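The next block is structure-v6.txt, given as compact mmCIF, all heavy atoms.
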```txt
# COMPACT_ATOMS: atom_id res chain seq x y z
N MET B 12 84.23 139.39 -131.82
CA MET B 12 84.76 139.29 -133.16
C MET B 12 83.71 139.82 -134.12
O MET B 12 82.53 139.46 -134.05
CB MET B 12 85.08 137.83 -133.48
CG MET B 12 85.46 137.56 -134.93
SD MET B 12 87.05 138.21 -135.45
CE MET B 12 88.16 137.17 -134.57
N VAL B 13 84.15 140.68 -135.00
CA VAL B 13 83.28 141.22 -136.05
C VAL B 13 83.93 140.89 -137.37
O VAL B 13 85.13 141.12 -137.56
CB VAL B 13 83.12 142.76 -135.91
CG1 VAL B 13 82.33 143.33 -137.07
CG2 VAL B 13 82.46 143.10 -134.58
N SER B 14 83.16 140.35 -138.28
CA SER B 14 83.64 140.02 -139.62
C SER B 14 82.78 140.72 -140.65
O SER B 14 81.59 140.89 -140.45
CB SER B 14 83.59 138.51 -139.87
OG SER B 14 84.45 137.84 -138.99
N THR B 15 83.40 141.09 -141.76
CA THR B 15 82.65 141.67 -142.86
C THR B 15 82.79 140.75 -144.06
O THR B 15 83.85 140.16 -144.30
CB THR B 15 83.16 143.08 -143.22
OG1 THR B 15 84.55 143.02 -143.54
CG2 THR B 15 82.94 144.04 -142.07
N VAL B 16 81.70 140.61 -144.79
CA VAL B 16 81.69 139.79 -146.01
C VAL B 16 80.97 140.55 -147.11
O VAL B 16 80.16 141.44 -146.85
CB VAL B 16 81.01 138.42 -145.78
CG1 VAL B 16 81.78 137.57 -144.79
CG2 VAL B 16 79.58 138.58 -145.34
N THR B 17 81.25 140.18 -148.34
CA THR B 17 80.56 140.79 -149.48
C THR B 17 79.16 140.20 -149.60
O THR B 17 78.82 139.21 -148.93
CB THR B 17 81.32 140.51 -150.80
OG1 THR B 17 81.24 139.11 -151.08
CG2 THR B 17 82.77 140.96 -150.71
N ASP B 18 78.38 140.76 -150.49
CA ASP B 18 77.04 140.21 -150.72
C ASP B 18 77.09 138.83 -151.35
O ASP B 18 76.10 138.12 -151.38
CB ASP B 18 76.18 141.17 -151.55
CG ASP B 18 76.78 141.48 -152.91
OD1 ASP B 18 77.94 141.12 -153.18
OD2 ASP B 18 76.06 142.11 -153.72
N GLN B 19 78.27 138.43 -151.82
CA GLN B 19 78.46 137.09 -152.37
C GLN B 19 79.10 136.14 -151.36
O GLN B 19 79.42 135.00 -151.69
CB GLN B 19 79.32 137.15 -153.63
CG GLN B 19 78.73 138.01 -154.73
CD GLN B 19 77.42 137.44 -155.26
OE1 GLN B 19 77.35 136.27 -155.60
NE2 GLN B 19 76.39 138.26 -155.30
N GLY B 20 79.34 136.62 -150.13
CA GLY B 20 79.91 135.78 -149.08
C GLY B 20 81.42 135.79 -148.98
O GLY B 20 82.00 135.07 -148.19
N GLY B 21 82.08 136.62 -149.78
CA GLY B 21 83.54 136.71 -149.73
C GLY B 21 84.01 137.48 -148.52
O GLY B 21 83.42 138.50 -148.15
N HIS B 22 85.09 137.02 -147.91
CA HIS B 22 85.65 137.66 -146.71
C HIS B 22 86.31 138.99 -147.06
O HIS B 22 87.07 139.08 -148.01
CB HIS B 22 86.69 136.72 -146.08
CG HIS B 22 87.35 137.29 -144.89
ND1 HIS B 22 88.58 137.89 -144.94
CD2 HIS B 22 86.96 137.38 -143.59
CE1 HIS B 22 88.93 138.31 -143.73
NE2 HIS B 22 87.95 138.01 -142.90
N LEU B 23 86.00 140.03 -146.28
CA LEU B 23 86.66 141.32 -146.43
C LEU B 23 87.65 141.57 -145.30
O LEU B 23 88.82 141.84 -145.54
CB LEU B 23 85.62 142.46 -146.45
CG LEU B 23 84.69 142.52 -147.66
CD1 LEU B 23 83.64 143.60 -147.46
CD2 LEU B 23 85.50 142.79 -148.92
N ALA B 24 87.17 141.50 -144.06
CA ALA B 24 88.03 141.80 -142.91
C ALA B 24 87.36 141.31 -141.64
O ALA B 24 86.16 141.07 -141.61
CB ALA B 24 88.29 143.30 -142.82
N ASP B 25 88.15 141.19 -140.58
CA ASP B 25 87.59 140.91 -139.27
C ASP B 25 88.45 141.56 -138.20
O ASP B 25 89.60 141.89 -138.44
CB ASP B 25 87.43 139.40 -139.01
CG ASP B 25 88.70 138.63 -139.25
OD1 ASP B 25 89.72 138.91 -138.60
OD2 ASP B 25 88.66 137.73 -140.09
N ALA B 26 87.85 141.79 -137.05
CA ALA B 26 88.55 142.46 -135.94
C ALA B 26 87.82 142.15 -134.64
O ALA B 26 86.66 141.75 -134.64
CB ALA B 26 88.60 143.96 -136.18
N GLN B 27 88.51 142.37 -133.54
CA GLN B 27 87.92 142.19 -132.22
C GLN B 27 87.83 143.54 -131.52
O GLN B 27 88.70 144.40 -131.71
CB GLN B 27 88.76 141.24 -131.37
CG GLN B 27 88.74 139.82 -131.89
CD GLN B 27 89.52 138.87 -130.99
OE1 GLN B 27 90.41 139.29 -130.26
NE2 GLN B 27 89.18 137.61 -131.05
N PHE B 28 86.78 143.70 -130.72
CA PHE B 28 86.55 144.95 -130.01
C PHE B 28 86.16 144.66 -128.58
O PHE B 28 85.54 143.63 -128.29
CB PHE B 28 85.43 145.74 -130.70
CG PHE B 28 85.71 146.00 -132.16
CD1 PHE B 28 85.20 145.16 -133.13
CD2 PHE B 28 86.50 147.06 -132.55
CE1 PHE B 28 85.47 145.38 -134.48
CE2 PHE B 28 86.78 147.30 -133.89
CZ PHE B 28 86.26 146.45 -134.85
N PRO B 29 86.46 145.57 -127.66
CA PRO B 29 86.06 145.39 -126.26
C PRO B 29 84.53 145.37 -126.13
O PRO B 29 83.82 145.98 -126.94
CB PRO B 29 86.63 146.61 -125.54
CG PRO B 29 87.58 147.25 -126.48
CD PRO B 29 87.21 146.81 -127.86
N THR B 30 84.04 144.68 -125.13
CA THR B 30 82.59 144.63 -124.89
C THR B 30 82.19 145.73 -123.92
O THR B 30 81.78 145.49 -122.80
CB THR B 30 82.17 143.24 -124.37
OG1 THR B 30 82.95 142.95 -123.21
CG2 THR B 30 82.37 142.17 -125.40
N ASN B 31 82.33 146.96 -124.39
CA ASN B 31 81.91 148.15 -123.64
C ASN B 31 81.41 149.18 -124.65
O ASN B 31 81.47 148.95 -125.87
CB ASN B 31 83.05 148.69 -122.77
CG ASN B 31 84.28 149.05 -123.57
OD1 ASN B 31 84.20 149.52 -124.70
ND2 ASN B 31 85.45 148.84 -122.99
N ALA B 32 80.92 150.30 -124.19
CA ALA B 32 80.32 151.30 -125.08
C ALA B 32 81.28 151.76 -126.17
O ALA B 32 80.91 151.88 -127.33
CB ALA B 32 79.82 152.49 -124.27
N ALA B 33 82.53 152.01 -125.81
CA ALA B 33 83.52 152.45 -126.81
C ALA B 33 83.78 151.35 -127.84
O ALA B 33 83.89 151.63 -129.03
CB ALA B 33 84.81 152.86 -126.11
N GLY B 34 83.86 150.11 -127.38
CA GLY B 34 84.09 148.99 -128.29
C GLY B 34 82.92 148.80 -129.24
O GLY B 34 83.12 148.53 -130.44
N TYR B 35 81.70 148.93 -128.74
CA TYR B 35 80.52 148.79 -129.59
C TYR B 35 80.51 149.87 -130.67
O TYR B 35 80.25 149.59 -131.84
CB TYR B 35 79.23 148.88 -128.79
CG TYR B 35 79.10 147.87 -127.68
CD1 TYR B 35 78.44 148.19 -126.50
CD2 TYR B 35 79.63 146.59 -127.79
CE1 TYR B 35 78.29 147.27 -125.48
CE2 TYR B 35 79.50 145.66 -126.77
CZ TYR B 35 78.83 146.01 -125.61
OH TYR B 35 78.70 145.10 -124.60
N ALA B 36 80.81 151.10 -130.28
CA ALA B 36 80.83 152.21 -131.25
C ALA B 36 81.92 151.98 -132.30
O ALA B 36 81.71 152.24 -133.49
CB ALA B 36 81.04 153.54 -130.53
N THR B 37 83.06 151.48 -131.87
CA THR B 37 84.15 151.21 -132.81
C THR B 37 83.78 150.07 -133.76
O THR B 37 84.11 150.11 -134.94
CB THR B 37 85.45 150.87 -132.04
OG1 THR B 37 85.73 151.95 -131.14
CG2 THR B 37 86.62 150.69 -132.98
N ALA B 38 83.08 149.07 -133.26
CA ALA B 38 82.63 147.96 -134.11
C ALA B 38 81.67 148.45 -135.18
O ALA B 38 81.76 148.05 -136.34
CB ALA B 38 81.98 146.87 -133.25
N VAL B 39 80.74 149.33 -134.80
CA VAL B 39 79.80 149.88 -135.78
C VAL B 39 80.56 150.69 -136.83
O VAL B 39 80.30 150.57 -138.03
CB VAL B 39 78.71 150.73 -135.08
CG1 VAL B 39 77.89 151.51 -136.10
CG2 VAL B 39 77.82 149.84 -134.23
N ALA B 40 81.52 151.50 -136.41
CA ALA B 40 82.32 152.28 -137.35
C ALA B 40 83.11 151.37 -138.28
O ALA B 40 83.24 151.64 -139.48
CB ALA B 40 83.26 153.22 -136.59
N PHE B 41 83.64 150.26 -137.75
CA PHE B 41 84.35 149.27 -138.55
C PHE B 41 83.45 148.73 -139.65
O PHE B 41 83.84 148.64 -140.81
CB PHE B 41 84.84 148.14 -137.64
CG PHE B 41 85.41 146.94 -138.35
CD1 PHE B 41 86.71 146.96 -138.83
CD2 PHE B 41 84.65 145.80 -138.53
CE1 PHE B 41 87.23 145.86 -139.48
CE2 PHE B 41 85.16 144.68 -139.17
CZ PHE B 41 86.46 144.72 -139.65
N LEU B 42 82.22 148.37 -139.29
CA LEU B 42 81.28 147.85 -140.29
C LEU B 42 80.97 148.90 -141.34
O LEU B 42 81.01 148.62 -142.55
CB LEU B 42 79.98 147.40 -139.61
CG LEU B 42 80.09 146.16 -138.73
CD1 LEU B 42 78.80 145.97 -137.94
CD2 LEU B 42 80.40 144.93 -139.57
N GLN B 43 80.69 150.12 -140.92
CA GLN B 43 80.33 151.19 -141.85
C GLN B 43 81.49 151.55 -142.78
O GLN B 43 81.26 151.97 -143.91
CB GLN B 43 79.85 152.41 -141.09
CG GLN B 43 78.53 152.16 -140.39
CD GLN B 43 78.12 153.29 -139.46
OE1 GLN B 43 78.96 154.02 -138.93
NE2 GLN B 43 76.81 153.42 -139.25
N ALA B 44 82.72 151.38 -142.32
CA ALA B 44 83.89 151.69 -143.14
C ALA B 44 84.04 150.76 -144.33
O ALA B 44 84.76 151.06 -145.28
CB ALA B 44 85.16 151.64 -142.28
N HIS B 45 83.33 149.63 -144.30
CA HIS B 45 83.41 148.66 -145.39
C HIS B 45 82.23 148.77 -146.35
O HIS B 45 82.00 147.87 -147.15
CB HIS B 45 83.52 147.25 -144.81
CG HIS B 45 84.86 146.99 -144.20
ND1 HIS B 45 85.13 147.29 -142.87
CD2 HIS B 45 86.00 146.53 -144.72
CE1 HIS B 45 86.39 147.00 -142.63
NE2 HIS B 45 86.95 146.54 -143.73
N GLY B 46 81.49 149.85 -146.29
CA GLY B 46 80.40 150.07 -147.23
C GLY B 46 79.04 150.00 -146.57
O GLY B 46 78.93 150.02 -145.35
N THR B 47 78.02 149.90 -147.39
CA THR B 47 76.65 149.83 -146.89
C THR B 47 76.42 148.53 -146.15
O THR B 47 76.73 147.46 -146.66
CB THR B 47 75.65 149.93 -148.06
OG1 THR B 47 75.88 151.16 -148.74
CG2 THR B 47 74.22 149.87 -147.57
N VAL B 48 75.90 148.63 -144.95
CA VAL B 48 75.61 147.44 -144.15
C VAL B 48 74.20 146.98 -144.52
O VAL B 48 73.22 147.67 -144.27
CB VAL B 48 75.70 147.74 -142.64
CG1 VAL B 48 75.33 146.52 -141.82
CG2 VAL B 48 77.11 148.21 -142.28
N ALA B 49 74.11 145.79 -145.14
CA ALA B 49 72.82 145.26 -145.57
C ALA B 49 72.20 144.36 -144.53
O ALA B 49 70.98 144.27 -144.42
CB ALA B 49 72.98 144.51 -146.88
N ALA B 50 73.03 143.69 -143.75
CA ALA B 50 72.52 142.76 -142.73
C ALA B 50 73.60 142.53 -141.69
O ALA B 50 74.79 142.67 -141.98
CB ALA B 50 72.13 141.43 -143.36
N ILE B 51 73.17 142.20 -140.48
CA ILE B 51 74.09 141.90 -139.40
C ILE B 51 73.60 140.64 -138.70
O ILE B 51 72.42 140.51 -138.40
CB ILE B 51 74.16 143.05 -138.37
CG1 ILE B 51 74.71 144.32 -139.02
CG2 ILE B 51 75.01 142.66 -137.16
CD1 ILE B 51 74.68 145.53 -138.13
N GLY B 52 74.52 139.72 -138.45
CA GLY B 52 74.22 138.54 -137.66
C GLY B 52 74.95 138.66 -136.33
O GLY B 52 76.12 139.05 -136.30
N VAL B 53 74.28 138.36 -135.24
CA VAL B 53 74.89 138.48 -133.92
C VAL B 53 74.80 137.15 -133.20
O VAL B 53 73.73 136.57 -133.07
CB VAL B 53 74.18 139.57 -133.07
CG1 VAL B 53 74.77 139.63 -131.67
CG2 VAL B 53 74.27 140.92 -133.75
N GLU B 54 75.96 136.67 -132.77
CA GLU B 54 76.00 135.50 -131.90
C GLU B 54 76.57 135.97 -130.58
O GLU B 54 77.66 136.54 -130.53
CB GLU B 54 76.89 134.42 -132.49
CG GLU B 54 76.98 133.20 -131.62
CD GLU B 54 77.91 132.12 -132.18
OE1 GLU B 54 78.55 132.37 -133.22
OE2 GLU B 54 78.00 131.07 -131.56
N GLY B 55 75.84 135.79 -129.52
CA GLY B 55 76.32 136.25 -128.23
C GLY B 55 75.58 135.58 -127.09
O GLY B 55 74.57 134.92 -127.28
N THR B 56 76.12 135.77 -125.93
CA THR B 56 75.50 135.22 -124.74
C THR B 56 75.09 136.36 -123.82
O THR B 56 75.56 137.49 -123.95
CB THR B 56 76.48 134.29 -123.98
OG1 THR B 56 77.63 135.05 -123.62
CG2 THR B 56 76.88 133.11 -124.83
N SER B 57 74.21 136.06 -122.91
CA SER B 57 73.75 137.03 -121.92
C SER B 57 73.19 138.26 -122.61
O SER B 57 72.49 138.15 -123.60
CB SER B 57 74.89 137.39 -120.97
OG SER B 57 74.42 138.17 -119.90
N SER B 58 73.48 139.44 -122.12
CA SER B 58 72.91 140.66 -122.67
C SER B 58 73.82 141.33 -123.69
O SER B 58 73.47 142.38 -124.23
CB SER B 58 72.58 141.63 -121.54
OG SER B 58 73.77 141.97 -120.85
N TYR B 59 74.98 140.77 -123.99
CA TYR B 59 75.91 141.39 -124.94
C TYR B 59 75.23 141.71 -126.26
O TYR B 59 75.32 142.81 -126.76
CB TYR B 59 77.11 140.47 -125.17
CG TYR B 59 77.99 140.91 -126.31
CD1 TYR B 59 78.87 141.98 -126.16
CD2 TYR B 59 77.95 140.27 -127.54
CE1 TYR B 59 79.67 142.40 -127.20
CE2 TYR B 59 78.75 140.68 -128.59
CZ TYR B 59 79.61 141.75 -128.42
OH TYR B 59 80.39 142.15 -129.45
N SER B 60 74.53 140.74 -126.82
CA SER B 60 73.93 140.96 -128.13
C SER B 60 72.81 142.00 -128.06
O SER B 60 72.58 142.73 -129.02
CB SER B 60 73.40 139.66 -128.72
OG SER B 60 72.45 139.07 -127.85
N LEU B 61 72.14 142.13 -126.95
CA LEU B 61 71.07 143.12 -126.82
C LEU B 61 71.63 144.53 -126.86
O LEU B 61 71.05 145.41 -127.48
CB LEU B 61 70.29 142.90 -125.52
CG LEU B 61 69.52 141.58 -125.42
CD1 LEU B 61 68.88 141.47 -124.04
CD2 LEU B 61 68.48 141.48 -126.51
N VAL B 62 72.76 144.75 -126.24
CA VAL B 62 73.36 146.09 -126.19
C VAL B 62 73.79 146.53 -127.59
O VAL B 62 73.50 147.63 -128.02
CB VAL B 62 74.55 146.13 -125.22
CG1 VAL B 62 75.27 147.46 -125.30
CG2 VAL B 62 74.08 145.86 -123.80
N ILE B 63 74.48 145.68 -128.30
CA ILE B 63 74.99 146.07 -129.62
C ILE B 63 73.86 146.24 -130.63
O ILE B 63 73.92 147.07 -131.51
CB ILE B 63 76.08 145.12 -130.13
CG1 ILE B 63 76.91 145.81 -131.21
CG2 ILE B 63 75.51 143.81 -130.60
CD1 ILE B 63 78.23 145.20 -131.51
N LEU B 64 72.77 145.51 -130.48
CA LEU B 64 71.64 145.68 -131.38
C LEU B 64 70.95 147.02 -131.20
O LEU B 64 70.31 147.52 -132.12
CB LEU B 64 70.64 144.53 -131.21
CG LEU B 64 71.13 143.17 -131.70
CD1 LEU B 64 70.10 142.10 -131.37
CD2 LEU B 64 71.42 143.20 -133.19
N ASP B 65 71.09 147.64 -130.04
CA ASP B 65 70.51 148.95 -129.80
C ASP B 65 71.26 150.05 -130.54
O ASP B 65 70.75 151.16 -130.69
CB ASP B 65 70.49 149.28 -128.31
CG ASP B 65 69.40 148.52 -127.58
OD1 ASP B 65 68.44 148.07 -128.24
OD2 ASP B 65 69.51 148.37 -126.35
N LEU B 66 72.48 149.78 -130.98
CA LEU B 66 73.25 150.79 -131.72
C LEU B 66 72.71 150.89 -133.11
O LEU B 66 72.76 151.72 -133.83
CB LEU B 66 74.74 150.42 -131.74
CG LEU B 66 75.40 150.30 -130.38
CD1 LEU B 66 76.82 149.80 -130.53
CD2 LEU B 66 75.39 151.62 -129.66
```

Target encoding structure tokens, full file:
Amino acid sequence: MVSTVTDQGGHLADAQFPTNAAGYATAVAFLQAHGTVAAIGVEGTSSYSLVILDL
């Protein structure tokens, strides 16, 4: 699950993506489509969060 919020904490959008290379790339594009990415928080288990942080 990826969610976007404003700098004031207001909800913009959220979506789910597959946990594979194509899904990670689509998640990054989703974030970038909502403007400048100032910060990202990742909650994950195992190596999932490590892979997406490399993008």

Handout entry: Coordinates-based distance that separates atom N of His45 in chain B from CD2 of Leu23 in chain B (Å, one decimal)
Key = 8.5 Å

Problem - Separation of CB of Pro29 in chain B from atom N of Ala50 in chain B in Å - result: 22.9 Å

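In this structure, CG2 of Thr47 in chain B sits 20.3 Å away from atom C of Gly34 in chain B.
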
Exercise for the section: Please identify all polymer residues lying at most 10 Å from the point (89.7, 145.3, -134.7) (file coordinates), using only C-alpha atoms, and present the result as an MDAnalysis selection string. Expected result: chainID B and resid 12:14 24:29 34 37:38 41

Write out as JSON an axis-aligned box for range 43-52 of chain B: all of its atoms listed in the file, 6 Å added on each side, centre and edge lengths in Å with one decimal.
```
{"center_x": 79.0, "center_y": 146.3, "center_z": -142.5, "size_x": 28.0, "size_y": 27.5, "size_z": 24.4}
```

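DSSP on the backbone gives alpha helix (DSSP H) for these parts of range 14-62 of chain B: B:Ala32, B:Ala33, B:Gly34, B:Tyr35, B:Ala36, B:Thr37, B:Ala38, B:Val39, B:Ala40, B:Phe41, B:Leu42, B:Gln43, B:Tyr59, B:Ser60, B:Leu61, B:Val62.
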
Print the selection's residues with all heavy atoms to a file, as a JSON list (two decimals), in the frame of the given file.
```json
[["chain", "number", "residue", "atom", "x", "y", "z"],
["B", 32, "ALA", "N", 80.92, 150.30, -124.19],
["B", 32, "ALA", "CA", 80.32, 151.30, -125.08],
["B", 32, "ALA", "C", 81.28, 151.76, -126.17],
["B", 32, "ALA", "O", 80.91, 151.88, -127.33],
["B", 32, "ALA", "CB", 79.82, 152.49, -124.27],
["B", 33, "ALA", "N", 82.53, 152.01, -125.81],
["B", 33, "ALA", "CA", 83.52, 152.45, -126.81],
["B", 33, "ALA", "C", 83.78, 151.35, -127.84],
["B", 33, "ALA", "O", 83.89, 151.63, -129.03],
["B", 33, "ALA", "CB", 84.81, 152.86, -126.11],
["B", 34, "GLY", "N", 83.86, 150.11, -127.38],
["B", 34, "GLY", "CA", 84.09, 148.99, -128.29],
["B", 34, "GLY", "C", 82.92, 148.80, -129.24],
["B", 34, "GLY", "O", 83.12, 148.53, -130.44],
["B", 35, "TYR", "N", 81.70, 148.93, -128.74],
["B", 35, "TYR", "CA", 80.52, 148.79, -129.59],
["B", 35, "TYR", "C", 80.51, 149.87, -130.67],
["B", 35, "TYR", "O", 80.25, 149.59, -131.84],
["B", 35, "TYR", "CB", 79.23, 148.88, -128.79],
["B", 35, "TYR", "CG", 79.10, 147.87, -127.68],
["B", 35, "TYR", "CD1", 78.44, 148.19, -126.50],
["B", 35, "TYR", "CD2", 79.63, 146.59, -127.79],
["B", 35, "TYR", "CE1", 78.29, 147.27, -125.48],
["B", 35, "TYR", "CE2", 79.50, 145.66, -126.77],
["B", 35, "TYR", "CZ", 78.83, 146.01, -125.61],
["B", 35, "TYR", "OH", 78.70, 145.10, -124.60],
["B", 36, "ALA", "N", 80.81, 151.10, -130.28],
["B", 36, "ALA", "CA", 80.83, 152.21, -131.25],
["B", 36, "ALA", "C", 81.92, 151.98, -132.30],
["B", 36, "ALA", "O", 81.71, 152.24, -133.49],
["B", 36, "ALA", "CB", 81.04, 153.54, -130.53],
["B", 37, "THR", "N", 83.06, 151.48, -131.87],
["B", 37, "THR", "CA", 84.15, 151.21, -132.81],
["B", 37, "THR", "C", 83.78, 150.07, -133.76],
["B", 37, "THR", "O", 84.11, 150.11, -134.94],
["B", 37, "THR", "CB", 85.45, 150.87, -132.04],
["B", 37, "THR", "OG1", 85.73, 151.95, -131.14],
["B", 37, "THR", "CG2", 86.62, 150.69, -132.98],
["B", 38, "ALA", "N", 83.08, 149.07, -133.26],
["B", 38, "ALA", "CA", 82.63, 147.96, -134.11],
["B", 38, "ALA", "C", 81.67, 148.45, -135.18],
["B", 38, "ALA", "O", 81.76, 148.05, -136.34],
["B", 38, "ALA", "CB", 81.98, 146.87, -133.25],
["B", 39, "VAL", "N", 80.74, 149.33, -134.80],
["B", 39, "VAL", "CA", 79.80, 149.88, -135.78],
["B", 39, "VAL", "C", 80.56, 150.69, -136.83],
["B", 39, "VAL", "O", 80.30, 150.57, -138.03],
["B", 39, "VAL", "CB", 78.71, 150.73, -135.08],
["B", 39, "VAL", "CG1", 77.89, 151.51, -136.10],
["B", 39, "VAL", "CG2", 77.82, 149.84, -134.23],
["B", 40, "ALA", "N", 81.52, 151.50, -136.41],
["B", 40, "ALA", "CA", 82.32, 152.28, -137.35],
["B", 40, "ALA", "C", 83.11, 151.37, -138.28],
["B", 40, "ALA", "O", 83.24, 151.64, -139.48],
["B", 40, "ALA", "CB", 83.26, 153.22, -136.59],
["B", 41, "PHE", "N", 83.64, 150.26, -137.75],
["B", 41, "PHE", "CA", 84.35, 149.27, -138.55],
["B", 41, "PHE", "C", 83.45, 148.73, -139.65],
["B", 41, "PHE", "O", 83.84, 148.64, -140.81],
["B", 41, "PHE", "CB", 84.84, 148.14, -137.64],
["B", 41, "PHE", "CG", 85.41, 146.94, -138.35],
["B", 41, "PHE", "CD1", 86.71, 146.96, -138.83],
["B", 41, "PHE", "CD2", 84.65, 145.80, -138.53],
["B", 41, "PHE", "CE1", 87.23, 145.86, -139.48],
["B", 41, "PHE", "CE2", 85.16, 144.68, -139.17],
["B", 41, "PHE", "CZ", 86.46, 144.72, -139.65],
["B", 42, "LEU", "N", 82.22, 148.37, -139.29],
["B", 42, "LEU", "CA", 81.28, 147.85, -140.29],
["B", 42, "LEU", "C", 80.97, 148.90, -141.34],
["B", 42, "LEU", "O", 81.01, 148.62, -142.55],
["B", 42, "LEU", "CB", 79.98, 147.40, -139.61],
["B", 42, "LEU", "CG", 80.09, 146.16, -138.73],
["B", 42, "LEU", "CD1", 78.80, 145.97, -137.94],
["B", 42, "LEU", "CD2", 80.40, 144.93, -139.57],
["B", 43, "GLN", "N", 80.69, 150.12, -140.92],
["B", 43, "GLN", "CA", 80.33, 151.19, -141.85],
["B", 43, "GLN", "C", 81.49, 151.55, -142.78],
["B", 43, "GLN", "O", 81.26, 151.97, -143.91],
["B", 43, "GLN", "CB", 79.85, 152.41, -141.09],
["B", 43, "GLN", "CG", 78.53, 152.16, -140.39],
["B", 43, "GLN", "CD", 78.12, 153.29, -139.46],
["B", 43, "GLN", "OE1", 78.96, 154.02, -138.93],
["B", 43, "GLN", "NE2", 76.81, 153.42, -139.25],
["B", 59, "TYR", "N", 74.98, 140.77, -123.99],
["B", 59, "TYR", "CA", 75.91, 141.39, -124.94],
["B", 59, "TYR", "C", 75.23, 141.71, -126.26],
["B", 59, "TYR", "O", 75.32, 142.81, -126.76],
["B", 59, "TYR", "CB", 77.11, 140.47, -125.17],
["B", 59, "TYR", "CG", 77.99, 140.91, -126.31],
["B", 59, "TYR", "CD1", 78.87, 141.98, -126.16],
["B", 59, "TYR", "CD2", 77.95, 140.27, -127.54],
["B", 59, "TYR", "CE1", 79.67, 142.40, -127.20],
["B", 59, "TYR", "CE2", 78.75, 140.68, -128.59],
["B", 59, "TYR", "CZ", 79.61, 141.75, -128.42],
["B", 59, "TYR", "OH", 80.39, 142.15, -129.45],
["B", 60, "SER", "N", 74.53, 140.74, -126.82],
["B", 60, "SER", "CA", 73.93, 140.96, -128.13],
["B", 60, "SER", "C", 72.81, 142.00, -128.06],
["B", 60, "SER", "O", 72.58, 142.73, -129.02],
["B", 60, "SER", "CB", 73.40, 139.66, -128.72],
["B", 60, "SER", "OG", 72.45, 139.07, -127.85],
["B", 61, "LEU", "N", 72.14, 142.13, -126.95],
["B", 61, "LEU", "CA", 71.07, 143.12, -126.82],
["B", 61, "LEU", "C", 71.63, 144.53, -126.86],
["B", 61, "LEU", "O", 71.05, 145.41, -127.48],
["B", 61, "LEU", "CB", 70.29, 142.90, -125.52],
["B", 61, "LEU", "CG", 69.52, 141.58, -125.42],
["B", 61, "LEU", "CD1", 68.88, 141.47, -124.04],
["B", 61, "LEU", "CD2", 68.48, 141.48, -126.51],
["B", 62, "VAL", "N", 72.76, 144.75, -126.24],
["B", 62, "VAL", "CA", 73.36, 146.09, -126.19],
["B", 62, "VAL", "C", 73.79, 146.53, -127.59],
["B", 62, "VAL", "O", 73.50, 147.63, -128.02],
["B", 62, "VAL", "CB", 74.55, 146.13, -125.22],
["B", 62, "VAL", "CG1", 75.27, 147.46, -125.30],
["B", 62, "VAL", "CG2", 74.08, 145.86, -123.80]]
```

Exercise for the section: Give me every strand (DSSP E) residue in range 18-56 of chain B, going by DSSP on the backbone, as a list in words. Expected result: His22, Leu23, Ala24, Asp25 and Ala26 of chain B

Exercise for the section: Using only C-alpha atoms, determine which residues lie at most 10 Å from Asp18 in chain B, disregarding the query and same-chain residues fewer than 2 positions distant; provide the list as a list in words. Expected result: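 The residues that qualify are Thr15, Val16, Gly20, Gly21, His22, Val48, Ala49 and Ala50 of chain B.
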